[in-house]
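Student: Dropping in upload_25.txt, with compact mmCIF, C-alpha atoms.
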```
# COMPACT_ATOMS: atom_id res chain seq x y z
CA MET A 1 -73.45 66.96 -26.95
CA GLN A 2 -77.06 68.01 -27.40
CA THR A 3 -78.24 71.07 -25.47
CA ARG A 4 -81.71 72.48 -24.82
CA PHE A 5 -81.28 76.10 -23.82
CA SER A 6 -84.32 78.31 -24.35
CA SER A 7 -84.23 81.22 -26.78
CA GLU A 8 -84.40 83.54 -23.78
CA GLN A 9 -81.38 81.88 -22.16
CA MET A 10 -79.44 82.17 -25.41
CA GLN A 11 -79.73 85.95 -25.19
CA ASN A 12 -77.19 85.75 -22.37
CA PRO A 13 -73.70 85.98 -23.97
CA ALA A 14 -72.20 83.71 -21.29
CA ILE A 15 -74.82 81.01 -21.92
CA LYS A 16 -74.26 81.28 -25.66
CA ILE A 17 -70.52 80.67 -25.14
CA ALA A 18 -71.25 77.78 -22.77
CA ASN A 19 -73.64 76.28 -25.31
CA ASP A 20 -71.01 76.39 -28.05
CA ILE A 21 -68.50 74.71 -25.75
CA LEU A 22 -70.89 72.00 -24.57
CA ARG A 23 -71.88 71.09 -28.14
CA LYS A 24 -68.27 70.26 -29.00
CA CYS A 25 -68.11 67.44 -26.45
CA VAL A 26 -68.57 64.04 -28.14
CA HIS A 27 -68.52 61.93 -24.93
CA CYS A 28 -65.33 60.12 -26.02
CA GLY A 29 -63.89 59.94 -22.50
CA PHE A 30 -60.27 60.57 -23.47
CA CYS A 31 -60.22 63.26 -20.78
CA THR A 32 -60.84 60.75 -17.98
CA ALA A 33 -57.39 59.18 -18.37
CA THR A 34 -55.59 62.45 -17.68
CA CYS A 35 -57.90 63.99 -15.06
CA PRO A 36 -56.21 63.96 -11.64
CA THR A 37 -59.42 63.64 -9.63
CA TYR A 38 -60.72 60.80 -11.79
CA VAL A 39 -57.36 59.02 -11.55
CA LEU A 40 -57.53 59.30 -7.75
CA LEU A 41 -61.24 58.67 -7.16
CA GLY A 42 -62.41 56.69 -10.20
CA ASP A 43 -65.75 58.51 -10.12
CA GLU A 44 -67.27 59.59 -13.44
CA ALA A 45 -68.71 62.66 -11.69
CA ASP A 46 -65.14 63.70 -10.87
CA SER A 47 -64.05 63.54 -14.50
CA PRO A 48 -64.32 66.36 -17.05
CA ARG A 49 -66.92 64.40 -19.02
CA GLY A 50 -69.02 63.81 -15.93
CA ARG A 51 -68.79 67.44 -14.86
CA ILE A 52 -69.76 68.60 -18.34
CA TYR A 53 -72.97 66.55 -18.16
CA MET A 54 -73.81 68.01 -14.76
CA ILE A 55 -72.96 71.54 -15.85
CA ARG A 56 -75.20 71.25 -18.91
CA ASP A 57 -78.13 70.04 -16.82
CA MET A 58 -77.61 72.73 -14.20
CA LEU A 59 -77.31 75.61 -16.68
CA GLU A 60 -80.35 74.45 -18.67
CA LYS A 61 -82.47 74.51 -15.50
CA GLY A 62 -81.48 78.09 -14.71
CA ASP A 63 -80.91 79.23 -11.13
CA ALA A 64 -81.18 75.83 -9.43
CA VAL A 65 -77.78 74.65 -8.23
CA PRO A 66 -77.75 71.11 -6.79
CA PRO A 67 -75.28 70.73 -3.87
CA LEU A 68 -73.88 67.57 -5.47
CA VAL A 69 -72.87 69.55 -8.57
CA VAL A 70 -71.10 72.08 -6.35
CA THR A 71 -69.17 69.26 -4.67
CA HIS A 72 -67.87 67.85 -7.94
CA VAL A 73 -67.15 71.25 -9.51
CA ASP A 74 -65.24 72.28 -6.38
CA ARG A 75 -63.09 69.16 -6.72
CA CYS A 76 -61.96 70.24 -10.19
CA LEU A 77 -58.41 71.62 -10.08
CA SER A 78 -58.74 73.64 -13.30
CA CYS A 79 -55.49 71.95 -14.30
CA LEU A 80 -56.73 71.86 -17.94
CA SER A 81 -55.07 68.53 -18.63
CA CYS A 82 -58.36 67.51 -20.22
CA MET A 83 -57.98 70.28 -22.79
CA THR A 84 -54.59 68.94 -23.85
CA THR A 85 -56.11 65.47 -24.26
CA CYS A 86 -59.44 66.43 -25.87
CA PRO A 87 -59.54 65.62 -29.61
CA SER A 88 -62.62 67.82 -30.12
CA GLY A 89 -61.19 71.07 -28.79
CA VAL A 90 -63.66 71.49 -25.91
CA ASP A 91 -62.87 74.79 -24.17
CA TYR A 92 -63.23 73.37 -20.67
CA MET A 93 -61.37 76.31 -19.08
CA HIS A 94 -63.99 78.89 -19.95
CA LEU A 95 -66.83 76.46 -19.24
CA ILE A 96 -65.65 75.71 -15.71
CA ASP A 97 -64.93 79.41 -15.12
CA HIS A 98 -68.49 80.30 -16.12
CA THR A 99 -69.86 77.48 -13.99
CA ARG A 100 -68.02 78.71 -10.92
CA ALA A 101 -69.31 82.23 -11.48
CA HIS A 102 -72.83 80.84 -11.83
CA ILE A 103 -72.49 78.87 -8.59
CA GLU A 104 -71.11 81.90 -6.77
CA LYS A 105 -74.18 83.94 -7.76
CA ALA A 106 -76.90 81.31 -7.43
CA TYR A 107 -75.79 79.03 -4.59
CA VAL A 108 -75.60 79.83 -0.88
CA ARG A 109 -72.68 77.99 0.69
CA PRO A 110 -72.57 77.14 4.40
CA MET A 111 -71.44 80.05 6.57
CA GLY A 112 -68.03 78.59 7.39
CA GLU A 113 -67.30 78.00 3.72
CA ARG A 114 -68.32 81.55 2.82
CA LEU A 115 -66.11 83.00 5.55
CA LEU A 116 -63.10 80.92 4.50
CA ARG A 117 -63.43 81.88 0.84
CA SER A 118 -63.90 85.55 1.70
CA LEU A 119 -60.83 85.42 3.93
CA LEU A 120 -58.70 83.88 1.19
CA ALA A 121 -59.97 86.38 -1.38
CA MET A 122 -59.10 89.26 0.93
CA VAL A 123 -55.75 88.10 2.31
CA VAL A 124 -53.80 86.16 -0.33
CA PRO A 125 -53.94 88.77 -3.17
CA ASN A 126 -52.77 91.49 -0.73
CA PRO A 127 -49.03 91.06 -0.01
CA SER A 128 -49.15 93.08 3.24
CA LEU A 129 -52.08 91.14 4.67
CA PHE A 130 -50.67 87.85 3.42
CA ARG A 131 -47.34 88.54 5.13
CA LEU A 132 -49.12 89.32 8.40
CA SER A 133 -51.19 86.14 8.13
CA LEU A 134 -48.07 84.02 7.62
CA MET A 135 -46.41 85.64 10.63
CA ALA A 136 -49.47 84.79 12.71
CA SER A 137 -49.50 81.24 11.34
CA LYS A 138 -45.95 80.67 12.55
CA LEU A 139 -47.08 81.34 16.12
CA VAL A 140 -49.70 78.59 16.04
CA LYS A 141 -47.76 76.13 13.86
CA PRO A 142 -46.73 73.95 16.85
CA PHE A 143 -50.43 73.14 17.33
CA ARG A 144 -51.06 72.33 13.65
CA ALA A 145 -51.71 68.62 14.27
CA LEU A 146 -54.70 69.49 16.44
CA MET A 147 -56.37 71.65 13.80
CA PRO A 148 -59.05 70.68 11.25
CA GLY A 149 -57.91 69.91 7.69
CA ARG A 150 -58.40 73.27 6.02
CA LEU A 151 -56.99 75.33 8.87
CA LYS A 152 -54.10 72.88 9.11
CA GLY A 153 -53.32 73.48 5.43
CA MET A 154 -53.34 77.24 5.83
CA VAL A 155 -51.00 77.11 8.83
CA GLY A 156 -48.73 74.62 7.07
CA MET A 157 -48.30 77.04 4.18
CA ALA A 158 -46.24 79.35 6.40
CA PRO A 159 -42.50 78.92 5.68
CA ALA A 160 -40.15 78.12 8.56
CA LYS A 161 -38.43 81.44 7.90
CA LEU A 162 -40.26 84.30 6.24
CA ALA A 163 -38.02 86.20 3.82
CA ALA A 164 -37.73 89.95 4.19
CA LYS A 165 -39.65 92.11 1.75
CA SER A 166 -37.57 92.72 -1.36
CA PRO A 167 -36.85 96.33 -2.35
CA MET A 168 -36.99 95.17 -5.98
CA ASP A 169 -40.76 94.60 -5.82
CA THR A 170 -41.60 98.30 -5.59
CA PRO A 171 -42.32 100.45 -8.70
CA GLN A 172 -39.02 101.35 -10.39
CA VAL A 173 -36.91 100.82 -13.50
CA PHE A 174 -33.95 98.44 -13.76
CA PRO A 175 -31.65 99.42 -16.66
CA ALA A 176 -30.34 96.84 -19.10
CA ALA A 177 -26.75 95.71 -18.72
CA GLY A 178 -25.04 96.94 -21.85
CA GLU A 179 -27.05 97.65 -24.98
CA ARG A 180 -30.80 97.67 -24.44
CA ARG A 181 -32.55 95.07 -26.57
CA MET A 182 -36.03 95.25 -25.06
CA ARG A 183 -38.10 97.17 -22.55
CA VAL A 184 -40.43 94.95 -20.53
CA ALA A 185 -42.73 95.19 -17.52
CA LEU A 186 -42.45 92.54 -14.82
CA MET A 187 -45.51 91.46 -12.89
CA THR A 188 -44.29 91.02 -9.30
CA GLY A 189 -47.44 89.18 -8.22
CA CYS A 190 -48.95 88.85 -4.77
CA ALA A 191 -48.25 85.59 -2.91
CA GLN A 192 -44.95 85.00 -4.71
CA GLN A 193 -43.28 88.20 -3.53
CA VAL A 194 -44.07 87.16 0.05
CA LEU A 195 -43.32 83.43 -0.13
CA ARG A 196 -40.26 83.58 -2.42
CA PRO A 197 -39.10 87.14 -3.23
CA SER A 198 -35.87 85.65 -4.61
CA ILE A 199 -37.80 84.63 -7.74
CA ASN A 200 -38.51 88.20 -8.80
CA GLU A 201 -34.96 89.22 -7.90
CA ALA A 202 -33.51 86.41 -10.03
CA THR A 203 -35.84 87.28 -12.90
CA ILE A 204 -34.78 90.93 -12.90
CA ARG A 205 -31.09 90.03 -12.81
CA LEU A 206 -31.58 87.49 -15.60
CA LEU A 207 -33.46 89.87 -17.87
CA THR A 208 -31.23 92.91 -17.34
CA ARG A 209 -28.13 90.74 -17.87
CA HIS A 210 -29.54 89.78 -21.27
CA GLY A 211 -30.33 93.27 -22.45
CA CYS A 212 -33.79 94.02 -21.06
CA GLU A 213 -34.77 97.21 -19.34
CA VAL A 214 -37.21 95.99 -16.69
CA VAL A 215 -39.92 98.19 -15.23
CA VAL A 216 -42.08 97.37 -12.23
CA ALA A 217 -45.10 99.49 -13.12
CA ALA A 218 -46.86 101.61 -10.52
CA GLY A 219 -50.42 100.56 -9.77
CA GLY A 220 -50.13 96.88 -10.67
CA GLY A 221 -51.38 94.12 -8.39
CA CYS A 222 -52.71 90.59 -8.21
CA CYS A 223 -53.59 89.04 -11.59
CA GLY A 224 -57.04 88.02 -10.37
CA ALA A 225 -56.62 84.27 -10.85
CA LEU A 226 -57.30 83.38 -7.23
CA VAL A 227 -60.70 85.07 -7.03
CA HIS A 228 -61.55 84.06 -10.61
CA HIS A 229 -61.18 80.38 -9.76
CA MET A 230 -63.50 80.88 -6.78
CA GLY A 231 -66.19 82.22 -9.09
CA ARG A 232 -65.80 85.85 -8.01
CA GLU A 233 -65.89 87.10 -11.58
CA ALA A 234 -66.40 90.80 -10.80
CA ASP A 235 -63.39 90.81 -8.47
CA ALA A 236 -61.27 89.12 -11.14
CA GLN A 237 -62.33 91.69 -13.72
CA ASP A 238 -61.46 94.52 -11.33
CA ALA A 239 -57.99 93.04 -10.84
CA ALA A 240 -57.59 92.74 -14.61
CA ARG A 241 -58.58 96.37 -15.16
CA THR A 242 -56.10 97.51 -12.51
CA ASN A 243 -53.22 95.74 -14.24
CA VAL A 244 -54.29 96.70 -17.75
CA ALA A 245 -54.40 100.35 -16.68
CA ALA A 246 -50.94 100.18 -15.10
CA TRP A 247 -49.29 98.46 -18.07
CA MET A 248 -51.05 100.48 -20.75
CA ALA A 249 -49.90 103.68 -19.03
CA GLU A 250 -46.33 102.38 -19.12
CA ARG A 251 -46.69 101.27 -22.74
CA ASP A 252 -48.13 104.61 -23.85
CA ASP A 253 -45.48 106.57 -21.94
CA LYS A 254 -42.20 104.89 -22.89
CA GLY A 255 -43.20 101.77 -24.80
CA LEU A 256 -43.16 98.08 -23.85
CA ASP A 257 -42.00 95.05 -25.79
CA GLY A 258 -43.61 92.63 -23.37
CA ILE A 259 -45.31 91.92 -20.08
CA ILE A 260 -43.19 89.31 -18.30
CA ILE A 261 -44.78 86.80 -15.92
CA ASN A 262 -42.75 84.38 -13.82
CA ALA A 263 -45.69 82.55 -12.19
CA SER A 264 -47.36 80.44 -14.86
CA GLY A 265 -50.72 80.48 -13.09
CA CYS A 266 -50.73 84.25 -13.37
CA GLY A 267 -49.50 84.05 -16.96
CA THR A 268 -52.43 81.86 -18.03
CA THR A 269 -54.84 84.40 -16.52
CA VAL A 270 -53.19 87.52 -17.93
CA LYS A 271 -53.00 85.96 -21.39
CA ASP A 272 -56.77 85.51 -21.07
CA TYR A 273 -57.55 89.13 -20.11
CA GLY A 274 -58.88 89.71 -23.61
CA PHE A 275 -61.57 87.10 -22.98
CA LEU A 276 -62.22 88.12 -19.38
CA LEU A 277 -62.96 91.74 -20.36
CA GLN A 278 -64.42 91.11 -23.81
CA ASP A 279 -67.86 92.46 -22.83
CA ASP A 280 -66.49 95.66 -21.30
CA ALA A 281 -66.50 98.22 -24.10
CA ASP A 282 -64.17 100.54 -22.19
CA TRP A 283 -61.49 97.90 -21.58
CA ALA A 284 -61.84 95.17 -24.21
CA GLU A 285 -59.27 96.47 -26.71
CA ALA A 286 -56.70 97.40 -24.08
CA ALA A 287 -57.11 93.98 -22.47
CA LYS A 288 -56.48 92.28 -25.82
CA THR A 289 -53.34 94.39 -26.25
CA ILE A 290 -52.02 93.36 -22.85
CA SER A 291 -52.80 89.69 -23.47
CA ALA A 292 -50.89 89.84 -26.75
CA LEU A 293 -47.87 91.39 -25.01
CA THR A 294 -47.74 88.82 -22.20
CA ARG A 295 -44.88 86.32 -22.12
CA ASP A 296 -43.68 83.78 -19.62
CA VAL A 297 -40.12 84.52 -18.55
CA THR A 298 -38.93 81.41 -20.40
CA GLU A 299 -40.57 82.61 -23.61
CA ILE A 300 -38.73 85.93 -23.49
CA MET A 301 -35.45 84.22 -22.61
CA ASP A 302 -35.89 81.96 -25.61
CA GLU A 303 -36.39 85.06 -27.78
CA LEU A 304 -33.26 86.62 -26.29
CA GLY A 305 -31.17 83.56 -27.03
CA GLY A 306 -30.98 81.94 -23.60
CA PRO A 307 -28.19 82.09 -21.04
CA CYS A 308 -24.60 80.97 -21.53
CA SER A 309 -23.71 78.62 -18.69
CA SER A 310 -21.00 79.47 -16.18
CA LEU A 311 -21.53 76.34 -14.08
CA ASP A 312 -18.59 74.04 -13.35
CA ALA A 313 -20.77 70.98 -12.80
CA ALA A 314 -24.06 69.83 -14.28
CA PRO A 315 -26.62 69.37 -11.50
CA VAL A 316 -29.43 66.95 -12.26
CA VAL A 317 -32.77 68.74 -12.39
CA ALA A 318 -36.16 67.03 -12.32
CA TYR A 319 -38.45 69.43 -14.15
CA HIS A 320 -42.05 69.74 -13.03
CA SER A 321 -44.14 71.41 -15.69
CA ALA A 322 -46.91 73.32 -13.92
CA CYS A 323 -50.37 72.62 -15.31
CA SER A 324 -50.80 76.29 -16.13
CA MET A 325 -47.53 76.10 -18.07
CA GLN A 326 -48.06 72.94 -20.12
CA HIS A 327 -51.87 72.85 -20.39
CA GLY A 328 -52.81 76.51 -19.93
CA GLN A 329 -50.06 78.19 -21.97
CA LYS A 330 -48.94 75.17 -24.02
CA LEU A 331 -45.29 75.76 -23.09
CA THR A 332 -43.84 72.27 -22.98
CA THR A 333 -40.35 72.27 -24.46
CA THR A 334 -39.02 75.81 -24.00
CA PRO A 335 -38.31 75.71 -20.23
CA LYS A 336 -36.61 72.32 -20.48
CA LYS A 337 -34.52 73.40 -23.46
CA LEU A 338 -33.35 76.54 -21.67
CA LEU A 339 -32.31 74.54 -18.62
CA ALA A 340 -30.47 71.98 -20.74
CA ASP A 341 -28.72 74.70 -22.74
CA ALA A 342 -27.71 76.34 -19.45
CA GLY A 343 -25.82 73.21 -18.42
CA PHE A 344 -28.33 71.28 -16.35
CA GLU A 345 -29.13 67.62 -16.88
CA VAL A 346 -32.92 67.71 -17.19
CA ARG A 347 -35.04 64.70 -16.31
CA GLU A 348 -38.80 64.38 -16.63
CA PRO A 349 -40.92 62.46 -14.13
CA ALA A 350 -43.55 59.86 -14.87
CA GLU A 351 -47.11 61.21 -14.89
CA GLY A 352 -45.78 64.64 -15.76
CA HIS A 353 -49.22 65.64 -17.04
CA LEU A 354 -50.86 65.22 -13.63
CA CYS A 355 -51.33 68.16 -11.26
CA CYS A 356 -49.32 68.46 -8.04
CA GLY A 357 -52.44 69.53 -6.15
CA SER A 358 -51.59 73.18 -5.56
CA ALA A 359 -53.95 74.76 -8.12
CA GLY A 360 -54.27 78.21 -6.58
CA THR A 361 -56.23 77.75 -3.35
CA TYR A 362 -57.09 74.10 -4.03
CA ASN A 363 -54.59 72.85 -1.44
CA LEU A 364 -56.42 74.99 1.12
CA LEU A 365 -59.99 74.26 0.04
CA GLN A 366 -59.48 70.55 -0.82
CA PRO A 367 -56.56 69.58 1.46
CA GLU A 368 -57.03 65.80 1.44
CA LEU A 369 -57.05 65.45 -2.35
CA ALA A 370 -54.26 68.01 -2.67
CA GLU A 371 -52.09 66.11 -0.20
CA ARG A 372 -52.52 62.87 -2.11
CA LEU A 373 -51.64 64.54 -5.40
CA GLY A 374 -48.64 66.30 -3.84
CA ALA A 375 -47.24 63.06 -2.43
CA ARG A 376 -47.75 61.30 -5.77
CA LYS A 377 -46.00 64.12 -7.63
CA ALA A 378 -43.09 64.23 -5.18
CA ALA A 379 -42.58 60.46 -5.43
CA ASN A 380 -42.40 60.63 -9.22
CA LEU A 381 -39.93 63.50 -9.08
CA GLU A 382 -37.77 61.78 -6.44
CA ALA A 383 -37.67 58.66 -8.63
CA GLN A 384 -35.47 60.65 -11.06
CA SER A 385 -32.76 60.94 -8.36
CA PRO A 386 -32.31 64.67 -8.98
CA ASP A 387 -30.14 67.17 -7.16
CA LEU A 388 -32.87 69.78 -7.65
CA ILE A 389 -36.49 70.09 -8.68
CA ALA A 390 -37.46 73.02 -10.91
CA SER A 391 -40.81 74.55 -11.77
CA GLY A 392 -42.16 77.82 -13.13
CA ASN A 393 -45.03 78.40 -10.70
CA ILE A 394 -44.93 79.49 -7.07
CA GLY A 395 -47.89 77.35 -6.03
CA CYS A 396 -46.18 74.21 -7.31
CA LEU A 397 -42.95 75.16 -5.55
CA VAL A 398 -44.72 75.48 -2.21
CA GLN A 399 -46.79 72.34 -2.70
CA ILE A 400 -43.92 70.09 -3.78
CA SER A 401 -41.53 71.52 -1.16
CA GLY A 402 -43.95 70.31 1.49
CA ALA A 403 -43.71 66.72 0.21
CA THR A 404 -39.96 66.29 -0.39
CA SER A 405 -36.60 67.21 1.11
CA ILE A 406 -35.07 67.85 -2.30
CA PRO A 407 -34.63 71.61 -2.96
CA VAL A 408 -37.40 72.99 -5.19
CA VAL A 409 -36.47 76.14 -7.10
CA HIS A 410 -37.85 78.33 -9.85
CA THR A 411 -36.63 77.91 -13.41
CA ALA A 412 -35.62 81.59 -13.50
CA GLU A 413 -33.47 81.11 -10.39
CA LEU A 414 -31.55 78.31 -12.11
CA LEU A 415 -31.11 80.29 -15.34
CA ASP A 416 -29.91 83.28 -13.30
CA TRP A 417 -27.43 81.08 -11.40
CA ALA A 418 -26.17 79.47 -14.61
CA SER A 419 -25.50 82.87 -16.20
CA GLY A 420 -23.62 84.45 -13.31
CA GLY A 421 -26.17 85.03 -10.56
CA PRO A 422 -26.11 83.67 -7.00
CA LYS A 423 -26.84 80.07 -6.13
CA PRO A 424 -30.54 79.71 -5.23
CA ARG A 425 -31.35 79.47 -1.55
CA GLY A 426 -31.26 75.93 -0.20
CA VAL A 427 -29.17 74.53 -3.05
CA ASP A 428 -26.11 72.68 -1.77
CA THR A 429 -24.87 71.03 -4.96
```
Would you mind writing the structure in this file as structure tokens?
Tutor:
Amino acid sequence: MQTRFSSEQMQNPAIKIANDILRKCVHCGFCTATCPTYVLLGDEADSPRGRIYMIRDMLEKGDAVPPLVVTHVDRCLSCLSCMTTCPSGVDYMHLIDHTRAHIEKAYVRPMGERLLRSLLAMVVPNPSLFRLSLMASKLVKPFRALMPGRLKGMVGMAPAKLAAKSPMDTPQVFPAAGERRMRVALMTGCAQQVLRPSINEATIRLLTRHGCEVVVAAGGGCCGALVHHMGREADAQDAARTNVAAWMAERDDKGLDGIIINASGCGTTVKDYGFLLQDDADWAEAAKTISALTRDVTEIMDELGGPCSSLDAAPVVAYHSACSMQHGQKLTTTPKKLLADAGFEVREPAEGHLCCGSAGTYNLLQPELAERLGARKAANLEAQSPDLIASGNIGCLVQISGATSIPVVHTAELLDWASGGPKPRGVDT
């Protein structure tokens, strides 16, 4: 793609990166076939290729941000399926991230939109506030049908029964069972420890059972993905610095063999800390170190040899590969192999490359499109006639659970169960 940035614009490092990305696009259109919004809407402006054209024009013109461009950029899920498909290696992830940051700085959204985004940025990354908001949502849930779309989605996110706060999510060290093979830090996350604390508990049991000393480092917090995808770049960088500081302190004190993430959306972001903080001279090298140490829980289990199954039967599991897992981190076979080796019959749904519609806060900011994608995903998973549905991302678990009656559990919960842990909540098989 031809670009026409001025020499002055090219002095901006972010514009220079965007220019390099844009020039790799050859207009082939392969991305349209795997873009969820294009598949649903059939609008070129809601395809990666169409957005790339609009982004180029907007960035070349400087501060002007057409409302129509904002509409189509907001509809992008950042699922990154287009990057898996693209034969030219267009780095769409960093282009759309830069675009959202540009829009956040240069475009004034309507007041209601600004308030909603600020509320989400304040509440969801803070487990205490998020828990309180879910408790409040339960009180008004009977009136959900009368509420507007976005508010209805937020209220619907509240589980029927809110799990108690897990004592395992506080800073502490969990010793390895038997000989210690590794020492790792577990990111406990923000929304996940409120919505499904059993995931972190299962992960800790699984890792310690297989020879890992697991530390929950003091000072860690939200990965920053949620605010990053809303264009709040400075907030995302602050979150990254907070986690880098916490994990580097742990690494320098007693050593770390890895940073373990069990929410693939967070994992994609933490693995990109080196890029996110590349222009910060004080943090760039430490951020690269943390990114290099980061592993999804399935990656570390594969390194450890995987669990030996203790199951009497072989439940059928339909595996949903989160977009951040398959497109963001390029982990496609490892989770399925671990489940199969653990004794589960693993089945893959049709359209496995398409997003379920969760995508961070997408199901709250774009509820109609998210609902359509969620129903489509659930139907494809149900077509496999599974006993269970498994995924490695909390957002997907919540989204798909709202569209099917089949139990939806985390991959780590199944691996923990197969190797001697408790049966995941809601599993009857």
Student: Between A:Val227, A:Ala322, A:Leu116, A:Val297, which residue has the minimum interatomic distance to Asn200 in chain A, considering only C-alpha atoms?
Tutor: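 Once distances to Asn200 in chain A are computed over only C-alpha atoms, the minimum belongs to A:Val297.
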Student: Within 10 Å of Cys76 in chain A, counting all atoms listed in the file, which residues qualify if same-chain residues fewer than 3 places away don't, as a list in words?
Tutor: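 Neighbouring residues, sequence-local ones excluded: Cys35, Pro36, Thr37, Tyr38, Asp46, Ser47, Pro48, Arg51, Thr71, His72, Val73, Cys79, Leu80, Ile96, Ala359, Tyr362 and Gln366 of chain A.
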Student: What lies within 7 Å of Ser81 in chain A using all atoms listed in the file, ignoring chain neighbours under 5 positions off, as number ranges by chain?
Tutor: A: 34-35, 327, 353
Student: Using all atoms listed in the file, can you tell me which of A:Glu113, A:Glu201, A:Glu44, A:Asp57 comes closest to Asp416 in chain A?
Tutor: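 Selected residue with least distance to Asp416 in chain A: A:Glu201.
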Student: Please compute the CA of Gly224 in chain A-CA of Tyr319 in chain A distance, one decimal, in Å.
Tutor: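 Here the two named atoms are 26.6 Å from each other.
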Student: Identify which of the residues A:Ser198, A:Ser264, A:Gln193, A:Gln384 lies closest to Trp417 in chain A, counting all atoms listed in the file when measuring atom-to-atom distances.
Tutor: A:Ser198
Student: Return as JSON lines the residues of range 221-320 of chain A lying at most 12 Å from range 1-16 of chain A, together with the closest atom-to-atom pair for each and the distance in Å to one decimal, counting only C-alpha atoms, with rows in chain order and ascending residue number.
Tutor:
```
{"residue": "A:Phe275", "atom": "CA", "partner": "A:Ala14", "partner_atom": "CA", "distance": 11.3}
{"residue": "A:Leu276", "atom": "CA", "partner": "A:Ala14", "partner_atom": "CA", "distance": 11.1}
{"residue": "A:Gln278", "atom": "CA", "partner": "A:Pro13", "partner_atom": "CA", "distance": 10.6}
{"residue": "A:Asp279", "atom": "CA", "partner": "A:Pro13", "partner_atom": "CA", "distance": 8.8}
```
Student: Excluding Leu207 in chain A and its own-chain neighbours fewer than 2 positions away, which residues fall within 12 Å of it when counting all atoms listed in the file? Please give them as a VMD selection string.
Tutor: chain A and resid 174 to 178 180 to 186 200 to 205 209 to 215 258 260 to 262 297 to 307 412 to 413 415 to 416 419 421
Student: Rounded to one decimal place, report the CA of Lys337 in chain A-CA of Ala263 in chain A distance in Å.
Tutor: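 Going from CA of Lys337 in chain A over to CA of Ala263 in chain A, I get 18.3 Å.
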Student: At a cut-off of 10 Å around the point (-24.4, 74.6, -9.0) (file coordinates), what residues fall inside when counting only C-alpha atoms? I'd like the answer as a PyMOL selection string.
Tutor: chain A and resi 310-316+343-344+387-388+414+417-418+422-424+427-429
Student: Using all atoms listed in the file, pick whichever of A:Gly221, A:Gly62, A:Gly395, A:Pro67 has the shortest atom-to-atom distance to Val244 in chain A.
Tutor: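 Checking each candidate against Val244 in chain A, we get A:Gly221 as the closest.
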Student: What is the distance, in Å and to one decimal place, between CA of Pro197 in chain A and CA of Gly426 in chain A?
Tutor: 14.0 Å
Student: Can you fill out range 95-107 of chain A with N, CA and C atoms and hand it back as a short mmCIF file (atom, residue, chain, number, x, y, z; two decimals), in the coordinates of the input?
Tutor:
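What landed in part.cif:
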```
data_model
loop_
_atom_site.label_atom_id
_atom_site.label_comp_id
_atom_site.auth_asym_id
_atom_site.auth_seq_id
_atom_site.Cartn_x
_atom_site.Cartn_y
_atom_site.Cartn_z
N LEU A 95 -65.59 77.07 -19.74
CA LEU A 95 -66.83 76.46 -19.24
C LEU A 95 -66.81 76.35 -17.73
N ILE A 96 -65.71 75.86 -17.17
CA ILE A 96 -65.65 75.71 -15.71
C ILE A 96 -65.58 77.08 -15.03
N ASP A 97 -64.95 78.05 -15.68
CA ASP A 97 -64.93 79.41 -15.12
C ASP A 97 -66.34 79.98 -15.04
N HIS A 98 -67.11 79.81 -16.12
CA HIS A 98 -68.49 80.30 -16.12
C HIS A 98 -69.33 79.57 -15.08
N THR A 99 -69.10 78.27 -14.96
CA THR A 99 -69.86 77.48 -13.99
C THR A 99 -69.60 77.95 -12.57
N ARG A 100 -68.34 78.24 -12.27
CA ARG A 100 -68.02 78.71 -10.92
C ARG A 100 -68.64 80.08 -10.65
N ALA A 101 -68.66 80.93 -11.65
CA ALA A 101 -69.31 82.23 -11.48
C ALA A 101 -70.81 82.06 -11.26
N HIS A 102 -71.40 81.13 -11.99
CA HIS A 102 -72.83 80.84 -11.83
C HIS A 102 -73.13 80.33 -10.42
N ILE A 103 -72.29 79.42 -9.94
CA ILE A 103 -72.49 78.87 -8.59
C ILE A 103 -72.34 79.97 -7.54
N GLU A 104 -71.35 80.82 -7.73
CA GLU A 104 -71.11 81.90 -6.77
C GLU A 104 -72.33 82.82 -6.66
N LYS A 105 -73.02 83.04 -7.77
CA LYS A 105 -74.18 83.94 -7.76
C LYS A 105 -75.46 83.24 -7.29
N ALA A 106 -75.61 81.97 -7.62
CA ALA A 106 -76.90 81.31 -7.43
C ALA A 106 -76.96 80.34 -6.25
N TYR A 107 -75.82 80.04 -5.64
CA TYR A 107 -75.79 79.03 -4.59
C TYR A 107 -75.31 79.66 -3.28
#
```
